[in-house]
file entry-v6.tsv (TSV, C-alpha atoms)
chain	number	residue	atom	x	y	z
W	287	MET	CA	-35.15	0.45	-51.26
W	288	ASN	CA	-37.55	-2.06	-49.80
W	289	TYR	CA	-40.80	-0.48	-48.63
W	290	GLU	CA	-42.72	-3.67	-48.05
W	291	PRO	CA	-45.28	-3.13	-45.29
W	292	PHE	CA	-46.54	-5.71	-42.80
W	293	VAL	CA	-48.73	-8.06	-44.82
W	294	LEU	CA	-51.23	-10.75	-43.89
W	295	GLU	CA	-53.12	-12.82	-46.46
W	296	ARG	CA	-56.02	-15.16	-45.87
W	297	THR	CA	-58.58	-16.88	-48.09
W	298	PHE	CA	-62.10	-17.20	-46.73
W	299	GLN	CA	-64.61	-19.72	-48.06
W	300	ALA	CA	-67.33	-17.17	-48.70
W	301	PRO	CA	-68.45	-15.00	-51.60
W	302	LEU	CA	-66.79	-11.63	-52.02
W	303	ALA	CA	-69.99	-9.67	-51.37
W	304	LEU	CA	-70.41	-11.31	-47.96
W	305	VAL	CA	-66.77	-10.83	-46.96
W	306	TRP	CA	-67.02	-7.19	-48.06
W	307	ALA	CA	-70.09	-6.78	-45.82
W	308	THR	CA	-68.21	-8.17	-42.80
W	309	PHE	CA	-65.55	-5.45	-43.27
W	310	SER	CA	-67.88	-2.55	-44.03
W	311	GLN	CA	-70.90	-2.95	-41.75
W	312	ALA	CA	-70.70	-2.26	-38.04
W	313	GLU	CA	-73.03	-5.09	-36.98
W	314	HIS	CA	-70.75	-7.57	-38.77
W	315	LEU	CA	-67.48	-5.97	-37.63
W	316	SER	CA	-68.48	-6.17	-33.99
W	317	LYS	CA	-68.81	-9.97	-34.38
W	318	TRP	CA	-65.13	-10.54	-35.17
W	319	MET	CA	-63.02	-7.39	-34.75
W	320	SER	CA	-62.92	-7.18	-30.94
W	321	PRO	CA	-59.81	-8.48	-29.20
W	322	GLN	CA	-60.24	-11.89	-27.56
W	323	GLY	CA	-62.36	-11.81	-24.39
W	324	MET	CA	-63.57	-8.24	-24.90
W	325	THR	CA	-67.09	-7.12	-25.74
W	326	PRO	CA	-68.01	-4.66	-28.46
W	327	GLY	CA	-69.79	-1.60	-27.04
W	328	ARG	CA	-71.29	1.44	-28.71
W	329	ASN	CA	-70.33	2.37	-32.26
W	330	VAL	CA	-71.03	4.84	-35.04
W	331	MET	CA	-70.35	3.87	-38.64
W	332	ASP	CA	-70.11	6.28	-41.55
W	333	PHE	CA	-68.78	4.13	-44.37
W	334	ARG	CA	-67.61	6.57	-47.04
W	335	PRO	CA	-64.28	8.26	-47.85
W	336	GLY	CA	-63.72	10.84	-45.10
W	337	GLY	CA	-66.19	9.09	-42.79
W	338	ILE	CA	-65.29	7.27	-39.60
W	339	PHE	CA	-66.04	4.05	-37.77
W	340	HIS	CA	-65.93	4.97	-34.09
W	341	TYR	CA	-66.20	1.94	-31.82
W	342	GLU	CA	-66.02	1.04	-28.17
W	343	ILE	CA	-64.37	-2.11	-26.83
W	344	VAL	CA	-65.15	-3.21	-23.29
W	345	PRO	CA	-62.72	-5.43	-21.36
W	346	PRO	CA	-64.38	-7.65	-18.70
W	347	GLY	CA	-65.18	-5.70	-15.53
W	348	GLN	CA	-63.63	-2.47	-16.81
W	349	SER	CA	-64.77	0.66	-18.57
W	350	GLY	CA	-64.49	0.64	-22.34
W	351	PHE	CA	-61.90	2.18	-24.59
W	352	TRP	CA	-62.43	3.56	-28.08
W	353	GLY	CA	-60.93	3.05	-31.49
W	354	ARG	CA	-61.36	4.97	-34.68
W	355	TRP	CA	-61.06	4.17	-38.35
W	356	LEU	CA	-60.90	7.12	-40.71
W	357	PHE	CA	-61.81	5.94	-44.20
W	358	ARG	CA	-59.30	7.41	-46.63
W	359	ASP	CA	-60.26	5.53	-49.74
W	360	ILE	CA	-62.95	3.01	-50.66
W	361	VAL	CA	-63.17	1.17	-53.97
W	362	ASP	CA	-66.40	-0.79	-53.82
W	363	HIS	CA	-65.76	-4.53	-53.42
W	364	GLU	CA	-62.03	-4.00	-54.03
W	365	THR	CA	-60.15	-2.00	-51.42
W	366	ILE	CA	-60.65	-0.23	-48.11
W	367	VAL	CA	-57.93	2.15	-46.93
W	368	VAL	CA	-58.19	3.45	-43.36
W	369	HIS	CA	-56.19	5.31	-40.77
W	370	VAL	CA	-56.52	3.34	-37.54
W	371	SER	CA	-56.04	4.96	-34.14
W	372	PHE	CA	-57.07	4.82	-30.52
W	373	SER	CA	-59.77	7.34	-29.78
W	374	ASP	CA	-61.65	9.14	-27.01
W	375	GLU	CA	-65.41	9.20	-26.55
W	376	GLY	CA	-65.62	12.31	-28.73
W	377	ALA	CA	-63.94	10.53	-31.69
W	378	GLY	CA	-60.66	12.47	-31.37
W	379	ILE	CA	-57.43	10.50	-31.79
W	380	ILE	CA	-55.34	9.66	-28.75
W	381	ARG	CA	-52.20	7.68	-28.02
W	382	HIS	CA	-52.28	4.00	-27.08
W	383	PRO	CA	-53.57	4.05	-23.46
W	384	MET	CA	-50.93	1.55	-22.30
W	385	ALA	CA	-48.10	2.23	-24.75
W	386	PRO	CA	-47.40	5.92	-25.39
W	387	ASP	CA	-44.72	5.05	-27.97
W	388	TRP	CA	-47.21	3.20	-30.16
W	389	PRO	CA	-47.59	5.03	-33.48
W	390	LEU	CA	-50.43	7.54	-33.26
W	391	GLU	CA	-52.02	6.34	-36.49
W	392	MET	CA	-51.65	3.20	-38.55
W	393	LEU	CA	-52.40	2.98	-42.26
W	394	SER	CA	-54.34	-0.17	-43.07
W	395	LYS	CA	-55.14	-1.27	-46.61
W	396	THR	CA	-57.42	-4.24	-47.21
W	397	ARG	CA	-57.75	-5.70	-50.68
W	398	PHE	CA	-60.52	-8.11	-51.69
W	399	THR	CA	-60.02	-10.58	-54.55
W	400	GLU	CA	-62.34	-13.29	-55.79
W	401	VAL	CA	-60.48	-16.60	-55.95
W	402	GLU	CA	-61.56	-20.16	-56.59
W	403	GLY	CA	-63.72	-21.30	-53.70
W	404	GLY	CA	-63.84	-17.96	-51.94
W	405	THR	CA	-62.36	-14.56	-51.33
W	406	GLN	CA	-58.78	-13.62	-50.67
W	407	ILE	CA	-58.03	-10.82	-48.25
W	408	ARG	CA	-54.70	-9.06	-48.32
W	409	LEU	CA	-54.11	-6.79	-45.35
W	410	GLU	CA	-51.25	-4.30	-45.36
W	411	ILE	CA	-50.43	-2.27	-42.28
W	412	SER	CA	-47.83	0.43	-41.83
W	413	ALA	CA	-47.19	3.23	-39.35
W	414	VAL	CA	-48.31	6.71	-40.26
W	415	GLY	CA	-45.66	9.14	-39.06
W	416	SER	CA	-46.80	12.11	-37.03
W	417	ASP	CA	-44.46	14.24	-39.13
W	418	PRO	CA	-46.65	16.41	-41.42
W	419	ALA	CA	-44.22	15.85	-44.29
W	420	GLN	CA	-44.75	12.11	-43.99
W	421	LEU	CA	-48.51	12.52	-43.89
W	422	LYS	CA	-48.25	14.65	-47.01
W	423	ALA	CA	-46.22	11.92	-48.67
W	424	PHE	CA	-49.06	9.47	-47.95
W	425	ASP	CA	-51.60	11.89	-49.37
W	426	GLU	CA	-49.59	12.16	-52.54
W	427	GLY	CA	-49.47	8.41	-52.76
W	428	LYS	CA	-45.71	8.25	-52.49
W	429	SER	CA	-43.79	5.65	-50.57
W	430	SER	CA	-43.45	7.14	-47.16
W	431	MET	CA	-40.33	6.33	-45.21
W	432	THR	CA	-42.43	4.71	-42.51
W	433	GLN	CA	-43.95	2.15	-44.84
W	434	GLY	CA	-41.15	-0.37	-44.71
W	435	TRP	CA	-41.86	-3.28	-42.44
W	436	GLY	CA	-41.83	-6.74	-43.89
W	437	GLY	CA	-38.50	-6.24	-45.59
W	438	THR	CA	-36.94	-4.66	-42.56
W	439	LEU	CA	-38.15	-7.43	-40.29
W	440	ASN	CA	-35.85	-10.06	-41.72
W	441	GLN	CA	-33.00	-7.65	-41.20
W	442	LEU	CA	-34.23	-6.92	-37.74
W	443	GLU	CA	-34.33	-10.58	-36.79
W	444	SER	CA	-30.80	-11.18	-37.99
W	445	HIS	CA	-29.61	-8.10	-36.13
W	446	LEU	CA	-31.27	-9.34	-32.96
W	447	ALA	CA	-29.73	-12.76	-33.36
W	448	GLU	CA	-26.31	-11.22	-33.95
W	449	VAL	CA	-26.62	-8.89	-30.99
W	450	GLN	CA	-27.76	-11.64	-28.68
W	451	ASN	CA	-24.89	-13.87	-29.73
W	452	ALA	CA	-22.36	-11.08	-29.32
Z	34	MET	CA	-45.92	16.76	-30.84
Z	35	ALA	CA	-43.03	14.35	-30.29
Z	36	PRO	CA	-42.62	12.00	-33.23
Z	37	ASP	CA	-43.61	8.40	-32.56
Z	38	LYS	CA	-40.59	6.48	-31.37
Z	39	LEU	CA	-41.51	3.33	-33.25
Z	40	SER	CA	-42.13	5.29	-36.45
Z	41	LEU	CA	-38.59	6.67	-36.11
Z	42	VAL	CA	-37.24	3.16	-35.67
Z	43	PHE	CA	-39.11	1.89	-38.73
Z	44	SER	CA	-38.02	4.79	-40.91
Z	45	ALA	CA	-34.42	4.37	-39.73
Z	46	LEU	CA	-34.56	0.68	-40.69
Z	47	ALA	CA	-36.10	1.39	-44.10
Z	48	ASP	CA	-32.70	2.34	-45.55
Z	49	PRO	CA	-30.21	-0.39	-46.61
Z	50	THR	CA	-27.12	1.70	-45.74
Z	51	ARG	CA	-28.42	2.26	-42.22
Z	52	ARG	CA	-29.17	-1.44	-41.84
Z	53	ALA	CA	-25.61	-2.19	-42.95
Z	54	ILE	CA	-24.29	0.32	-40.38
Z	55	LEU	CA	-26.28	-1.44	-37.66
Z	56	ALA	CA	-24.94	-4.80	-38.79
Z	57	ALA	CA	-21.38	-3.44	-38.58
Z	58	LEU	CA	-21.99	-1.98	-35.12
Z	59	ALA	CA	-23.41	-5.30	-33.93
Z	60	LEU	CA	-19.79	-6.51	-33.93
Z	61	GLY	CA	-18.75	-3.80	-31.48
Z	62	PRO	CA	-18.37	0.00	-31.03
Z	63	MET	CA	-16.59	1.80	-33.86
Z	64	PRO	CA	-15.38	5.34	-34.62
Z	65	VAL	CA	-17.10	7.13	-37.53
Z	66	GLY	CA	-14.11	6.82	-39.87
Z	67	GLU	CA	-14.12	3.05	-39.49
Z	68	ILE	CA	-17.89	2.81	-39.95
Z	69	ALA	CA	-17.61	4.79	-43.20
Z	70	LYS	CA	-14.81	2.62	-44.68
Z	71	PRO	CA	-16.86	-0.15	-46.36
Z	72	PHE	CA	-19.31	2.32	-47.93
Z	73	ASP	CA	-18.95	4.15	-51.19
Z	74	ILE	CA	-20.22	7.39	-49.66
Z	75	SER	CA	-18.62	10.39	-47.96
Z	76	GLU	CA	-18.05	10.59	-44.22
Z	77	PRO	CA	-20.57	13.47	-43.86
Z	78	ALA	CA	-23.17	11.23	-45.57
Z	79	VAL	CA	-22.41	8.49	-43.05
Z	80	ILE	CA	-22.76	11.02	-40.22
Z	81	LYS	CA	-26.21	11.93	-41.58
Z	82	HIS	CA	-27.24	8.29	-41.46
Z	83	LEU	CA	-25.83	7.99	-37.93
Z	84	LYS	CA	-27.91	10.97	-36.84
Z	85	VAL	CA	-31.07	9.26	-38.09
Z	86	LEU	CA	-30.08	6.10	-36.20
Z	87	GLU	CA	-29.28	8.11	-33.06
Z	88	LYS	CA	-32.64	9.89	-33.20
Z	89	ALA	CA	-34.34	6.49	-33.34
Z	90	GLY	CA	-32.29	5.40	-30.30
Z	91	LEU	CA	-30.61	2.61	-32.28
Z	92	VAL	CA	-27.12	4.06	-32.03
Z	93	GLU	CA	-25.41	5.92	-29.20
Z	94	ALA	CA	-22.30	8.06	-29.30
Z	95	ASP	CA	-19.71	7.52	-26.60
Z	96	ARG	CA	-19.13	10.81	-24.76
Z	97	LYS	CA	-15.56	9.84	-23.94
Z	98	GLY	CA	-12.67	10.26	-26.31
Z	99	GLN	CA	-12.19	12.50	-29.33
Z	100	MET	CA	-13.22	9.70	-31.66
Z	101	ARG	CA	-16.64	9.38	-30.00
Z	102	PRO	CA	-17.12	5.77	-31.09
Z	103	ARG	CA	-20.69	4.79	-31.90
Z	104	ARG	CA	-22.33	1.76	-30.37
Z	105	LEU	CA	-25.48	-0.21	-31.13
Z	106	ASN	CA	-28.48	-0.07	-28.80
Z	107	ALA	CA	-30.64	-3.10	-29.57
Z	108	GLN	CA	-33.54	-2.24	-27.25
Z	109	PRO	CA	-35.64	-0.36	-29.88
Z	110	LEU	CA	-35.18	-3.32	-32.25
Z	111	ALA	CA	-36.69	-5.63	-29.65
Z	112	GLU	CA	-39.59	-3.20	-29.10
Z	113	ALA	CA	-40.26	-2.89	-32.81
Z	114	SER	CA	-40.17	-6.65	-33.17
Z	115	SER	CA	-42.65	-7.27	-30.35
Z	116	PHE	CA	-44.92	-4.52	-31.70
Z	117	VAL	CA	-45.20	-6.20	-35.09
Z	118	GLU	CA	-45.66	-9.57	-33.38
Z	119	GLN	CA	-48.61	-8.19	-31.39
Z	120	TYR	CA	-50.20	-6.92	-34.59
Z	121	ARG	CA	-49.76	-10.25	-36.28
Z	122	GLN	CA	-51.31	-12.11	-33.34
Z	123	PHE	CA	-54.26	-9.71	-33.16
Z	124	TRP	CA	-55.03	-9.98	-36.86
Z	125	GLU	CA	-54.57	-13.73	-37.07
Z	126	ALA	CA	-56.96	-14.20	-34.15
Z	127	SER	CA	-59.44	-11.77	-35.73
Z	128	PHE	CA	-59.28	-13.60	-39.05
Z	129	ASP	CA	-59.91	-16.89	-37.23
Z	130	ARG	CA	-63.05	-15.37	-35.71
Z	131	LEU	CA	-64.09	-13.95	-39.10
Z	132	ASP	CA	-63.64	-17.38	-40.68
Z	133	ALA	CA	-65.96	-18.97	-38.12
Z	134	TYR	CA	-68.43	-16.08	-38.39
Z	135	LEU	CA	-68.60	-16.36	-42.21
Z	136	GLN	CA	-69.33	-20.09	-41.92
Z	137	GLU	CA	-72.07	-19.33	-39.39
Z	138	LEU	CA	-73.63	-16.66	-41.65
Z	139	GLN	CA	-73.66	-18.97	-44.65
Z	140	ALA	CA	-75.11	-21.84	-42.62
Z	141	THR	CA	-78.05	-19.73	-41.46
Z	142	GLU	CA	-78.68	-18.48	-45.00
Z	143	GLN	CA	-79.21	-22.01	-46.27

call {"tool": "encode", "arguments": {"input": "entry-v6.tsv", "output": "structure tokens"}}
result
Amino acid sequence: MNYEPFVLERTFQAPLALVWATFSQAEHLSKWMSPQGMTPGRNVMDFRPGGIFHYEIVPPGQSGFWGRWLFRDIVDHETIVVHVSFSDEGAGIIRHPMAPDWPLEMLSKTRFTEVEGGTQIRLEISAVGSDPAQLKAFDEGKSSMTQGWGGTLNQLESHLAEVQNA
Amino acid sequence: MAPDKLSLVFSALADPTRRAILAALALGPMPVGEIAKPFDISEPAVIKHLKVLEKAGLVEADRKGQMRPRRLNAQPLAEASSFVEQYRQFWEASFDRLDAYLQELQATEQ
């Protein structure tokens, strides 16, 4: 079975230590992680396994909304594994404010590799099922059924094309 | 708590037999016996797969007729596709900003 998750790779022309800092320190994160046109608001960062990054994002002329990263695993200068979710002011997890069907939590794994002329980032994102059995599967490091994205997408596209031509 | 709809869609699509069933149903509604034909698995096994697809909203059973033919519902596929597309756009834009920010940081260091 193909359990490829959604993957994005990018090489940055900067040393690994600096790129690592931009992913692990709140003052850096707020410079690039806010959606276009929105302002970073308050945040609390506790960068350690089991800790959270709780951050506010403020759209123009509106009250802010909150996001939360729960750090599941950190290998210094190598990988950061987080559960990403929307959040309330008290750092609890909530559903997507505008899309209730959005997965409650996403699993995001960022890998840092030194390459010639810079640092390569490999970002993997998959949905964390709300089913406790699926969460348990993640904890045990097994391939959860919800991890398959990239591989399914090609299939999905061909299905969509077929259906639309039908 | 109700399971996430998109998570159900993604887990339904993670299995090659279920993807093949969807591909077959893209050609038109079919009774279970006909869906099962090309596969080397029992009809009850196919019904299990169909239940997973139905739970994800990808397949619907016709109420009429004893055969209850199954038909494809493509809407969740479109939703899943646009969801992943939004993620890609968000992260590509964020990485563009990070790229510029890293250049800025290194310029001020020098």

call {"tool": "closest_residue", "arguments": {"input": "entry-v6.tsv", "among": "W:Gln322, W:Thr405, W:Ser310, W:Ser394", "to": "chain Z", "atoms": "only C-alpha atoms"}}
result
W:Gln322

call {"tool": "interface_residues", "arguments": {"input": "entry-v6.tsv", "of": "chain Z", "to": "chain W", "cutoff": "8 Å", "atoms": "all atoms listed in the file", "output": "count of residues only"}}
result
35

call {"tool": "atom_distance", "arguments": {"input": "entry-v6.tsv", "atom1": "atom CA of W:His382", "atom2": "atom CA of Z:Ala89"}}
result
19.2 Å

call {"tool": "atom_distance", "arguments": {"input": "entry-v6.tsv", "atom1": "atom CA of Z:Ser115", "atom2": "atom CA of W:Trp355"}}
result
23.1 Å

call {"tool": "axis_aligned_box", "arguments": {"input": "entry-v6.tsv", "around": "stretch 73-88 of chain Z", "padding_each_side": "4 Å", "output": "lines of an AutoDock Vina configuration file"}}
result
center_x = -25.3
center_y = 8.8
center_z = -42.1
size_x = 22.6
size_y = 17.3
size_z = 26.1

call {"tool": "residues_near_point", "arguments": {"input": "entry-v6.tsv", "point": "(-58.8, 2.5, -38.8)", "cutoff": "12 Å", "atoms": "only C-alpha atoms", "output": "PyMOL selection string"}}
result
chain W and resi 309-310+319+331+333+336-341+352-359+366-373+377+379+390-396+411-414

call {"tool": "decode", "arguments": {"input": "entry-v6.tsv", "residues": "stretch 103-129 of chain Z", "atoms": "N, CA and C atoms", "output": "short mmCIF file (atom, residue, chain, number, x, y, z; two decimals), in the first residue's frame"}}
result
data_model
loop_
_atom_site.label_atom_id
_atom_site.label_comp_id
_atom_site.auth_asym_id
_atom_site.auth_seq_id
_atom_site.Cartn_x
_atom_site.Cartn_y
_atom_site.Cartn_z
N ARG Z 103 -24.55 0.35 -6.60
CA ARG Z 103 -23.77 1.41 -5.97
C ARG Z 103 -23.35 2.43 -7.02
N ARG Z 104 -23.32 3.68 -6.57
CA ARG Z 104 -22.88 4.72 -7.51
C ARG Z 104 -21.84 5.63 -6.85
N LEU Z 105 -21.00 6.21 -7.69
CA LEU Z 105 -19.92 7.08 -7.22
C LEU Z 105 -20.46 8.47 -6.87
N ASN Z 106 -20.00 9.02 -5.76
CA ASN Z 106 -20.27 10.43 -5.46
C ASN Z 106 -18.92 11.15 -5.43
N ALA Z 107 -18.69 12.00 -6.41
CA ALA Z 107 -17.36 12.59 -6.59
C ALA Z 107 -17.12 13.82 -5.71
N GLN Z 108 -18.17 14.33 -5.08
CA GLN Z 108 -18.03 15.57 -4.30
C GLN Z 108 -16.90 15.51 -3.25
N PRO Z 109 -16.84 14.44 -2.42
CA PRO Z 109 -15.75 14.41 -1.42
C PRO Z 109 -14.37 14.40 -2.06
N LEU Z 110 -14.25 13.84 -3.26
CA LEU Z 110 -12.96 13.86 -3.96
C LEU Z 110 -12.56 15.29 -4.28
N ALA Z 111 -13.53 16.08 -4.73
CA ALA Z 111 -13.24 17.47 -5.06
C ALA Z 111 -12.85 18.24 -3.80
N GLU Z 112 -13.55 17.96 -2.69
CA GLU Z 112 -13.22 18.64 -1.43
C GLU Z 112 -11.82 18.27 -0.95
N ALA Z 113 -11.49 16.99 -1.04
CA ALA Z 113 -10.17 16.55 -0.60
C ALA Z 113 -9.09 17.19 -1.46
N SER Z 114 -9.36 17.28 -2.75
CA SER Z 114 -8.40 17.86 -3.67
C SER Z 114 -8.16 19.33 -3.37
N SER Z 115 -9.23 20.09 -3.10
CA SER Z 115 -9.07 21.52 -2.85
C SER Z 115 -8.42 21.75 -1.49
N PHE Z 116 -8.66 20.83 -0.55
CA PHE Z 116 -8.03 20.92 0.77
C PHE Z 116 -6.50 20.81 0.66
N VAL Z 117 -6.06 19.82 -0.09
CA VAL Z 117 -4.61 19.63 -0.25
C VAL Z 117 -4.01 20.81 -1.02
N GLU Z 118 -4.76 21.31 -2.00
CA GLU Z 118 -4.31 22.45 -2.79
C GLU Z 118 -4.12 23.69 -1.89
N GLN Z 119 -5.05 23.90 -0.96
CA GLN Z 119 -4.92 25.03 -0.03
C GLN Z 119 -3.67 24.89 0.83
N TYR Z 120 -3.40 23.67 1.27
CA TYR Z 120 -2.21 23.44 2.08
C TYR Z 120 -0.95 23.75 1.30
N ARG Z 121 -0.94 23.27 0.05
CA ARG Z 121 0.23 23.49 -0.78
C ARG Z 121 0.45 24.99 -0.98
N GLN Z 122 -0.61 25.72 -1.28
CA GLN Z 122 -0.48 27.16 -1.52
C GLN Z 122 0.02 27.87 -0.26
N PHE Z 123 -0.54 27.50 0.89
CA PHE Z 123 -0.13 28.14 2.15
C PHE Z 123 1.36 27.91 2.40
N TRP Z 124 1.79 26.66 2.25
CA TRP Z 124 3.19 26.35 2.57
C TRP Z 124 4.15 26.92 1.54
N GLU Z 125 3.76 26.95 0.29
CA GLU Z 125 4.66 27.52 -0.72
C GLU Z 125 4.82 29.01 -0.48
N ALA Z 126 3.73 29.69 -0.14
CA ALA Z 126 3.81 31.13 0.16
C ALA Z 126 4.66 31.35 1.42
N SER Z 127 4.48 30.50 2.43
CA SER Z 127 5.26 30.65 3.66
C SER Z 127 6.74 30.45 3.40
N PHE Z 128 7.05 29.44 2.57
CA PHE Z 128 8.46 29.19 2.26
C PHE Z 128 9.06 30.34 1.45
N ASP Z 129 8.26 30.97 0.60
CA ASP Z 129 8.74 32.16 -0.12
C ASP Z 129 9.12 33.26 0.88
#
